[in-house]
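Q: My structure is below; once you've seen it, I'll send some questions.
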Amino acid sequence: MKQENKIVNGQYKRESFPVLEMSCAACAVSVESMLKATAGVKDAGVNFANQTAWVEYDPKTTKPVDLQNSVRSIGYDLVVDVEDPQAVQDEAQRKHYEAVKFRTTWSIVLSIPVVIIGMFLMDLPYANYISMALTAPVVFYFGRSFFTNAWKQAKHGNANMDTLVALSTGIAFVFSVFNTFFPEFWHARGIHPHVYFEAAAVVIAFISLGKLLEEKAKSNTSASIKKLMGLQPKTVRAVIDGSEKEIPIAQVRVGYTLIVRPGEKIPVDGTVTDGSSFVDESMISGEPVAVEKRAGARVFAGTINQKGSFQFKAEKVGGDTVLAQIIKMVQQAQGSKAPVQKLVDKIAGIFVPIVIGISILTFITWMIVGGDNAFTHALLNSITVLVIACPCALGLATPTAIMVGVGKGAENNILIKDAESLELAHKVNAVILDKTGTITEGKPVVTNLIWSTGEESPRHKQILLALESRSEHPLAEAVVSTLKSQSVDPTAIETFESITARGVKGTVASKTYFVGNKKLIEENKVVIPPGQVATATALQLQAKTVVYFSDEQKVLAIIAIADKIKATSAAAIRALQEKGIEVYMLTGDNEQTARAVSNHVGLKHYTAEVLPADKAQFVKELQSRGKVVAMVGDGINDSHALAEADVSIAMGKGSDIAMDVAKMTLITSDLQSIPKALNLSTKTVMGIKQNLFWAFIYNVIGIPLAAGVLYPVNGFLLDPMIAGAAMALSSVSVVANSLRLRVAKI
């Protein structure tokens, strides 16, 4: 990502910087407010999704280092004054992931002996001291991020899962240390001093494992942007002062004449001035057939030249090209969506204050009614409330269901990169489908090869293959592929000529043959019989391109070429519609083709000749009407809409960029996987809710008992060992319930 850097309104400078250390949406709000409060700053914004901030400031009074210091003062960092800020940010993210991996691994390694001692070797000499020595680094070194994030949340006036983890493990450890060093305090009062080292260590280890899985998914966030940028060549050939020179793309200016050779990527937007070729524009249009380019035709950065070469005049460079606009739109779309707050974080935000409140109320109540041992019971019971409000089952509720759901998806050819998509997909009530490569196969194939009576001979097939093998037209490859699959070998051609906008002709054994459109055939005085005209018309109504093969007297064959509709598309669309989901098709192709495809698969809603930005705008329109939108696509032209959608699904045989932007990928590119993905989401969310129920049953029963609610009735106080067993049972029930999803039918 290049650092944005421009003067705004003559006085203010607008610049973008990568931000480090942000872990939540509240962090982004905090960084933004700090930047806005910095002297000399007119305005600022923070994009949490791609971890960047833009700042509009007065360069006369404010320097980037001032902005950096301002952000650092609240525990974050800004990357300034470096050549490649994106590389710095990427390296920081890589190091962060490695650090999380290191902390998780050692948390698990050290927790295992603590659990063994706590469960089976309680009478081991110095058992408490060994457990304390092993637990201390787990809680305060390997688990320090929970305390850091909890503090950041507290500064924002929020509480989440990190708050619950920090609170329970911190108190459990401190309480256990006190009981280890001063057991006589409780012995003198007739109470056995229990320790909770294994609970503190295991909670950190389990929750760290969940964090590691999240970080692994986040590490791929900017991959799509990098790949989009990689579509632009680093150097270009320009005609300067009458001679050809190779220059860096950054030096290209509007008005330069640039040269594009076969197979090269077009560097900037412009207009062809000399030469001709076919250009693959699927990244913009999504359509599989390359577009012919001659003098006066527009060309676009990132598109791929095929066999010819040409010169063109640069008209839009740098951030003004269509490719640059797509990159910018994807970045903005990824950052404009507020991150979905996890259900467990919402619960934790309510649960933490309630638990603290119950603990304080327990202490006060026991101080008032506790009699002679009021302080002892008040202290013990209030701490027990905090300790047994263990977040282990709560923390496992979502990750275990998600992990099983992701595995179930993989078994059904659905790769899920993002847990939030799996949680949200069951709410989808509108699905947008791209046409090419999504509903259709994505490449032209021969659907019909209709020979005139008596003309289907090995000799004619050899001549047709020979002519199409020499043609540069992209549709010719479909004919060549079909004939080669029939084990046809080309014959020798005496002469060959490519005729602009018509087709090709060649001479074999002193006889001339033609392959091309209707104009080519008619211009060479070849009569097309009424029956063949009717056949061609019927094929064209099916949105197929008709190619004629003839000799000098008669038509030998009619060839129909089309982007074939996948066999399962109609059934998949019908399954979605039966679930009450509205299905739309958006395509850059023409109206006739769009209508034919939509009729074939049973679609009620479609729009033709749609640009990439139009697709994203359509997603926004549906969202503004209260729809939860899933976008399904396979091309670069779909990437903006995929980033904008609530749930994004890419075809496994599509572009790498579409798969990077999308949160789900269908490995087989079979649309029937979409209803399966939505059903999987429904069952996974149901599993999460059931898990949360089991996690809460423990807390709803355990916390009042720990507070001593039954003591006035029958003198019962919860034994910490029973509390530990209930905690373990709660966690086991959550895992067992999640595993049921493995045998569920989707």
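Residue numbering restarts at 1 in every chain; chains get A, B, ... in the order shown in the structure tokens, and ligands count up from 1 in that same order.
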Give the strand (DSSP E or B) residues of segment 562-629 of chain A, as DSSP finds them on the backbone, and put them as a list in words.
A: Ala562, Asp563, Lys564, Ile565, Glu582, Val583, Tyr584, Met585, Leu586, His605, Tyr606, Thr607 and Val629 of chain A
Q: Go ahead and write the selection's residues with N, CA and C atoms as a compact mmCIF listing (two decimals), in the first residue's frame.
A:
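Final output, part.txt:
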# COMPACT_ATOMS: atom_id res chain seq x y z
N ALA A 562 -20.43 -20.75 -26.56
CA ALA A 562 -21.03 -20.04 -25.42
C ALA A 562 -20.29 -20.39 -24.14
N ASP A 563 -20.53 -19.56 -23.13
CA ASP A 563 -20.04 -19.84 -21.79
C ASP A 563 -21.09 -20.75 -21.15
N LYS A 564 -20.77 -22.00 -21.04
CA LYS A 564 -21.75 -23.02 -20.65
C LYS A 564 -22.24 -22.84 -19.21
N ILE A 565 -23.55 -22.98 -18.99
CA ILE A 565 -24.13 -22.90 -17.65
C ILE A 565 -23.82 -24.19 -16.89
N GLU A 582 -34.05 -14.03 -1.63
CA GLU A 582 -34.09 -13.38 -2.94
C GLU A 582 -32.75 -13.56 -3.63
N VAL A 583 -32.77 -14.00 -4.89
CA VAL A 583 -31.53 -14.26 -5.63
C VAL A 583 -31.45 -13.30 -6.82
N TYR A 584 -30.32 -12.61 -6.95
CA TYR A 584 -30.10 -11.64 -8.02
C TYR A 584 -28.86 -12.04 -8.83
N MET A 585 -28.89 -11.77 -10.14
CA MET A 585 -27.70 -11.97 -10.97
C MET A 585 -27.25 -10.62 -11.51
N LEU A 586 -25.96 -10.29 -11.30
CA LEU A 586 -25.38 -9.07 -11.85
C LEU A 586 -24.26 -9.47 -12.81
N HIS A 605 -34.65 -11.93 -10.92
CA HIS A 605 -34.00 -10.61 -10.88
C HIS A 605 -32.62 -10.69 -11.52
N TYR A 606 -32.37 -9.84 -12.51
CA TYR A 606 -31.02 -9.77 -13.09
C TYR A 606 -30.78 -8.37 -13.63
N THR A 607 -29.50 -7.99 -13.71
CA THR A 607 -29.12 -6.70 -14.30
C THR A 607 -27.90 -6.95 -15.18
N VAL A 629 -26.87 -9.45 3.11
CA VAL A 629 -26.52 -9.79 1.73
C VAL A 629 -25.30 -10.71 1.65
Q: Residues at most 7 Å from segment 570-577 of chain A, counting only C-alpha atoms, excluding those fewer than 2 positions away in the same chain, as a ChimeraX atom specification?
A: /A:568,579-583,601-602,671-672,675
Q: Once you have the residues from the selection above, write them out as an mmCIF file, in the first residue's frame, restricted to all heavy atoms.
A:
data_model
loop_
_atom_site.group_PDB
_atom_site.id
_atom_site.type_symbol
_atom_site.label_atom_id
_atom_site.label_comp_id
_atom_site.auth_asym_id
_atom_site.auth_seq_id
_atom_site.Cartn_x
_atom_site.Cartn_y
_atom_site.Cartn_z
ATOM 1 N N THR A 568 -25.403 -27.682 -12.146
ATOM 2 C CA THR A 568 -26.090 -27.606 -10.848
ATOM 3 C C THR A 568 -26.620 -26.211 -10.510
ATOM 4 O O THR A 568 -27.234 -26.023 -9.459
ATOM 5 C CB THR A 568 -25.128 -28.039 -9.727
ATOM 6 O OG1 THR A 568 -23.952 -27.212 -9.785
ATOM 7 C CG2 THR A 568 -24.713 -29.491 -9.889
ATOM 8 N N LYS A 579 -35.920 -21.367 0.252
ATOM 9 C CA LYS A 579 -35.644 -20.948 1.637
ATOM 10 C C LYS A 579 -36.132 -19.525 1.895
ATOM 11 O O LYS A 579 -35.909 -18.968 2.969
ATOM 12 C CB LYS A 579 -34.132 -21.024 1.917
ATOM 13 C CG LYS A 579 -33.589 -22.435 2.012
ATOM 14 C CD LYS A 579 -32.068 -22.452 2.008
ATOM 15 C CE LYS A 579 -31.475 -21.888 3.272
ATOM 16 N NZ LYS A 579 -31.612 -22.797 4.426
ATOM 17 N N GLY A 580 -36.768 -18.917 0.889
ATOM 18 C CA GLY A 580 -37.272 -17.550 1.030
ATOM 19 C C GLY A 580 -36.217 -16.493 0.784
ATOM 20 O O GLY A 580 -36.393 -15.328 1.156
ATOM 21 N N ILE A 581 -35.115 -16.875 0.152
ATOM 22 C CA ILE A 581 -34.020 -15.940 -0.122
ATOM 23 C C ILE A 581 -34.180 -15.349 -1.517
ATOM 24 O O ILE A 581 -34.419 -16.084 -2.484
ATOM 25 C CB ILE A 581 -32.657 -16.671 -0.003
ATOM 26 C CG1 ILE A 581 -32.449 -17.146 1.443
ATOM 27 C CG2 ILE A 581 -31.511 -15.776 -0.438
ATOM 28 C CD1 ILE A 581 -31.263 -18.066 1.620
ATOM 29 N N GLU A 582 -34.046 -14.032 -1.626
ATOM 30 C CA GLU A 582 -34.093 -13.378 -2.938
ATOM 31 C C GLU A 582 -32.746 -13.556 -3.629
ATOM 32 O O GLU A 582 -31.695 -13.303 -3.030
ATOM 33 C CB GLU A 582 -34.393 -11.882 -2.780
ATOM 34 C CG GLU A 582 -35.782 -11.595 -2.236
ATOM 35 C CD GLU A 582 -36.037 -10.093 -2.064
ATOM 36 O OE1 GLU A 582 -35.158 -9.298 -2.459
ATOM 37 O OE2 GLU A 582 -37.089 -9.732 -1.520
ATOM 38 N N VAL A 583 -32.771 -13.999 -4.890
ATOM 39 C CA VAL A 583 -31.532 -14.255 -5.630
ATOM 40 C C VAL A 583 -31.451 -13.302 -6.819
ATOM 41 O O VAL A 583 -32.408 -13.187 -7.603
ATOM 42 C CB VAL A 583 -31.453 -15.723 -6.117
ATOM 43 C CG1 VAL A 583 -30.099 -15.987 -6.764
ATOM 44 C CG2 VAL A 583 -31.672 -16.684 -4.950
ATOM 45 N N VAL A 601 -31.901 -20.591 -15.736
ATOM 46 C CA VAL A 601 -31.717 -21.048 -14.345
ATOM 47 C C VAL A 601 -32.868 -20.644 -13.420
ATOM 48 O O VAL A 601 -32.825 -20.907 -12.224
ATOM 49 C CB VAL A 601 -30.376 -20.530 -13.768
ATOM 50 C CG1 VAL A 601 -29.212 -21.089 -14.548
ATOM 51 C CG2 VAL A 601 -30.327 -19.002 -13.744
ATOM 52 N N GLY A 602 -33.874 -19.970 -13.977
ATOM 53 C CA GLY A 602 -35.045 -19.636 -13.176
ATOM 54 C C GLY A 602 -34.894 -18.426 -12.286
ATOM 55 O O GLY A 602 -35.491 -18.354 -11.205
ATOM 56 N N LEU A 671 -22.516 -24.202 -7.064
ATOM 57 C CA LEU A 671 -23.431 -23.314 -6.340
ATOM 58 C C LEU A 671 -24.283 -24.049 -5.313
ATOM 59 O O LEU A 671 -24.829 -23.422 -4.404
ATOM 60 C CB LEU A 671 -24.348 -22.578 -7.329
ATOM 61 C CG LEU A 671 -23.711 -21.475 -8.182
ATOM 62 C CD1 LEU A 671 -24.780 -20.760 -8.989
ATOM 63 C CD2 LEU A 671 -22.967 -20.473 -7.323
ATOM 64 N N GLN A 672 -24.388 -25.374 -5.436
ATOM 65 C CA GLN A 672 -25.176 -26.111 -4.451
ATOM 66 C C GLN A 672 -24.523 -26.090 -3.072
ATOM 67 O O GLN A 672 -25.150 -26.442 -2.076
ATOM 68 C CB GLN A 672 -25.374 -27.559 -4.921
ATOM 69 C CG GLN A 672 -26.388 -27.664 -6.058
ATOM 70 C CD GLN A 672 -26.727 -29.093 -6.413
ATOM 71 O OE1 GLN A 672 -25.852 -29.934 -6.518
ATOM 72 N NE2 GLN A 672 -28.001 -29.366 -6.630
ATOM 73 N N PRO A 675 -26.416 -23.189 -0.380
ATOM 74 C CA PRO A 675 -27.426 -23.570 0.617
ATOM 75 C C PRO A 675 -26.822 -24.391 1.757
ATOM 76 O O PRO A 675 -27.221 -24.243 2.907
ATOM 77 C CB PRO A 675 -28.423 -24.419 -0.197
ATOM 78 C CG PRO A 675 -28.241 -23.986 -1.613
ATOM 79 C CD PRO A 675 -26.793 -23.629 -1.743
#
Q: Go through A:Ser73, A:Thr163, A:Asn413, A:Thr105 one by one, measure the shortest atom-to-atom distance of each to Phe142 of chain A using only C-alpha atoms, and give the residue with the smallest value.
A: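 For Phe142 of chain A, the nearest of the given residues is A:Thr105.
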Q: Tell me which protein, DNA and RNA residues are within 10 Å of segment 115-132 of chain A, counting only C-alpha atoms, leaving out same-chain ones fewer than 6 positions away, and put them as a list of chain:residue names.
A: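 Near neighbours after the sequence-gap exclusion: A:Val138, A:Phe173, A:Val174, A:Ser176, A:Val177, A:Asn179, A:Thr180, A:Phe181, A:His194, A:Val195, A:Tyr196, A:Phe197, A:Glu198, A:Ala199, A:Ala201, A:Val202, A:Gly724.
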Q: Selected residues, N, CA, C and O atoms, written as a PDB file, in the first residue's frame, please.
A:
ATOM      1  N   VAL A 138       2.653 -18.296  33.004  1.00  0.00           N
ATOM      2  CA  VAL A 138       1.488 -18.461  32.121  1.00  0.00           C
ATOM      3  C   VAL A 138       0.554 -17.262  32.254  1.00  0.00           C
ATOM      4  O   VAL A 138       0.102 -16.681  31.262  1.00  0.00           O
ATOM      5  N   PHE A 173      -5.143 -16.461  40.847  1.00  0.00           N
ATOM      6  CA  PHE A 173      -3.715 -16.616  41.125  1.00  0.00           C
ATOM      7  C   PHE A 173      -3.334 -15.941  42.440  1.00  0.00           C
ATOM      8  O   PHE A 173      -2.664 -16.540  43.291  1.00  0.00           O
ATOM      9  N   VAL A 174      -3.746 -14.690  42.616  1.00  0.00           N
ATOM     10  CA  VAL A 174      -3.390 -13.945  43.831  1.00  0.00           C
ATOM     11  C   VAL A 174      -3.954 -14.644  45.071  1.00  0.00           C
ATOM     12  O   VAL A 174      -3.264 -14.794  46.103  1.00  0.00           O
ATOM     13  N   SER A 176      -4.674 -17.807  45.353  1.00  0.00           N
ATOM     14  CA  SER A 176      -3.952 -19.070  45.539  1.00  0.00           C
ATOM     15  C   SER A 176      -2.567 -18.837  46.136  1.00  0.00           C
ATOM     16  O   SER A 176      -2.092 -19.640  46.961  1.00  0.00           O
ATOM     17  N   VAL A 177      -1.907 -17.761  45.732  1.00  0.00           N
ATOM     18  CA  VAL A 177      -0.589 -17.417  46.296  1.00  0.00           C
ATOM     19  C   VAL A 177      -0.726 -17.127  47.795  1.00  0.00           C
ATOM     20  O   VAL A 177       0.080 -17.597  48.619  1.00  0.00           O
ATOM     21  N   ASN A 179      -3.001 -18.277  49.813  1.00  0.00           N
ATOM     22  CA  ASN A 179      -3.283 -19.543  50.501  1.00  0.00           C
ATOM     23  C   ASN A 179      -2.052 -20.440  50.574  1.00  0.00           C
ATOM     24  O   ASN A 179      -1.941 -21.277  51.475  1.00  0.00           O
ATOM     25  N   THR A 180      -1.139 -20.286  49.607  1.00  0.00           N
ATOM     26  CA  THR A 180       0.094 -21.076  49.616  1.00  0.00           C
ATOM     27  C   THR A 180       1.045 -20.603  50.706  1.00  0.00           C
ATOM     28  O   THR A 180       1.648 -21.404  51.436  1.00  0.00           O
ATOM     29  N   PHE A 181       1.195 -19.285  50.843  1.00  0.00           N
ATOM     30  CA  PHE A 181       2.147 -18.724  51.808  1.00  0.00           C
ATOM     31  C   PHE A 181       1.557 -18.571  53.221  1.00  0.00           C
ATOM     32  O   PHE A 181       2.286 -18.619  54.214  1.00  0.00           O
ATOM     33  N   HIS A 194      -7.808 -23.804  49.787  1.00  0.00           N
ATOM     34  CA  HIS A 194      -7.661 -24.384  48.441  1.00  0.00           C
ATOM     35  C   HIS A 194      -6.914 -23.406  47.520  1.00  0.00           C
ATOM     36  O   HIS A 194      -6.941 -22.193  47.716  1.00  0.00           O
ATOM     37  N   VAL A 195      -6.258 -23.988  46.499  1.00  0.00           N
ATOM     38  CA  VAL A 195      -5.595 -23.159  45.475  1.00  0.00           C
ATOM     39  C   VAL A 195      -6.240 -23.422  44.120  1.00  0.00           C
ATOM     40  O   VAL A 195      -6.817 -24.485  43.895  1.00  0.00           O
ATOM     41  N   TYR A 196      -6.118 -22.456  43.236  1.00  0.00           N
ATOM     42  CA  TYR A 196      -6.772 -22.531  41.918  1.00  0.00           C
ATOM     43  C   TYR A 196      -5.766 -22.308  40.782  1.00  0.00           C
ATOM     44  O   TYR A 196      -6.094 -21.739  39.748  1.00  0.00           O
ATOM     45  N   PHE A 197      -4.518 -22.747  41.009  1.00  0.00           N
ATOM     46  CA  PHE A 197      -3.488 -22.520  39.985  1.00  0.00           C
ATOM     47  C   PHE A 197      -3.850 -23.178  38.654  1.00  0.00           C
ATOM     48  O   PHE A 197      -3.675 -22.591  37.593  1.00  0.00           O
ATOM     49  N   GLU A 198      -4.358 -24.429  38.718  1.00  0.00           N
ATOM     50  CA  GLU A 198      -4.663 -25.140  37.460  1.00  0.00           C
ATOM     51  C   GLU A 198      -5.777 -24.449  36.689  1.00  0.00           C
ATOM     52  O   GLU A 198      -5.760 -24.383  35.450  1.00  0.00           O
ATOM     53  N   ALA A 199      -6.763 -23.875  37.424  1.00  0.00           N
ATOM     54  CA  ALA A 199      -7.857 -23.165  36.744  1.00  0.00           C
ATOM     55  C   ALA A 199      -7.314 -21.946  35.998  1.00  0.00           C
ATOM     56  O   ALA A 199      -7.651 -21.710  34.835  1.00  0.00           O
ATOM     57  N   ALA A 201      -4.212 -21.364  34.927  1.00  0.00           N
ATOM     58  CA  ALA A 201      -3.331 -21.740  33.808  1.00  0.00           C
ATOM     59  C   ALA A 201      -4.132 -22.266  32.621  1.00  0.00           C
ATOM     60  O   ALA A 201      -3.867 -21.897  31.466  1.00  0.00           O
ATOM     61  N   VAL A 202      -5.113 -23.119  32.901  1.00  0.00           N
ATOM     62  CA  VAL A 202      -5.892 -23.737  31.811  1.00  0.00           C
ATOM     63  C   VAL A 202      -6.723 -22.696  31.068  1.00  0.00           C
ATOM     64  O   VAL A 202      -6.842 -22.742  29.839  1.00  0.00           O
ATOM     65  N   GLY A 724     -14.840 -26.791  41.339  1.00  0.00           N
ATOM     66  CA  GLY A 724     -13.890 -27.172  40.284  1.00  0.00           C
ATOM     67  C   GLY A 724     -14.447 -28.267  39.397  1.00  0.00           C
ATOM     68  O   GLY A 724     -14.282 -28.245  38.170  1.00  0.00           O
TER      69      GLY A 724
END
Q: From the set A:Leu622, A:Asp646, A:Gly652, A:Ile439, which residue has the shortest atom-to-atom contact distance to Lys566 of chain A, counting only C-alpha atoms?
A: A:Ile439
Q: Identify, on the basis of only C-alpha atoms, every residue whose closest approach to Pro458 of chain A does not exceed 12 Å; exclude the query and any residue fewer than 5 positions from it along the same chain; express the result as a ChimeraX atom specification.
A: /A:451,463-465,483,486-491
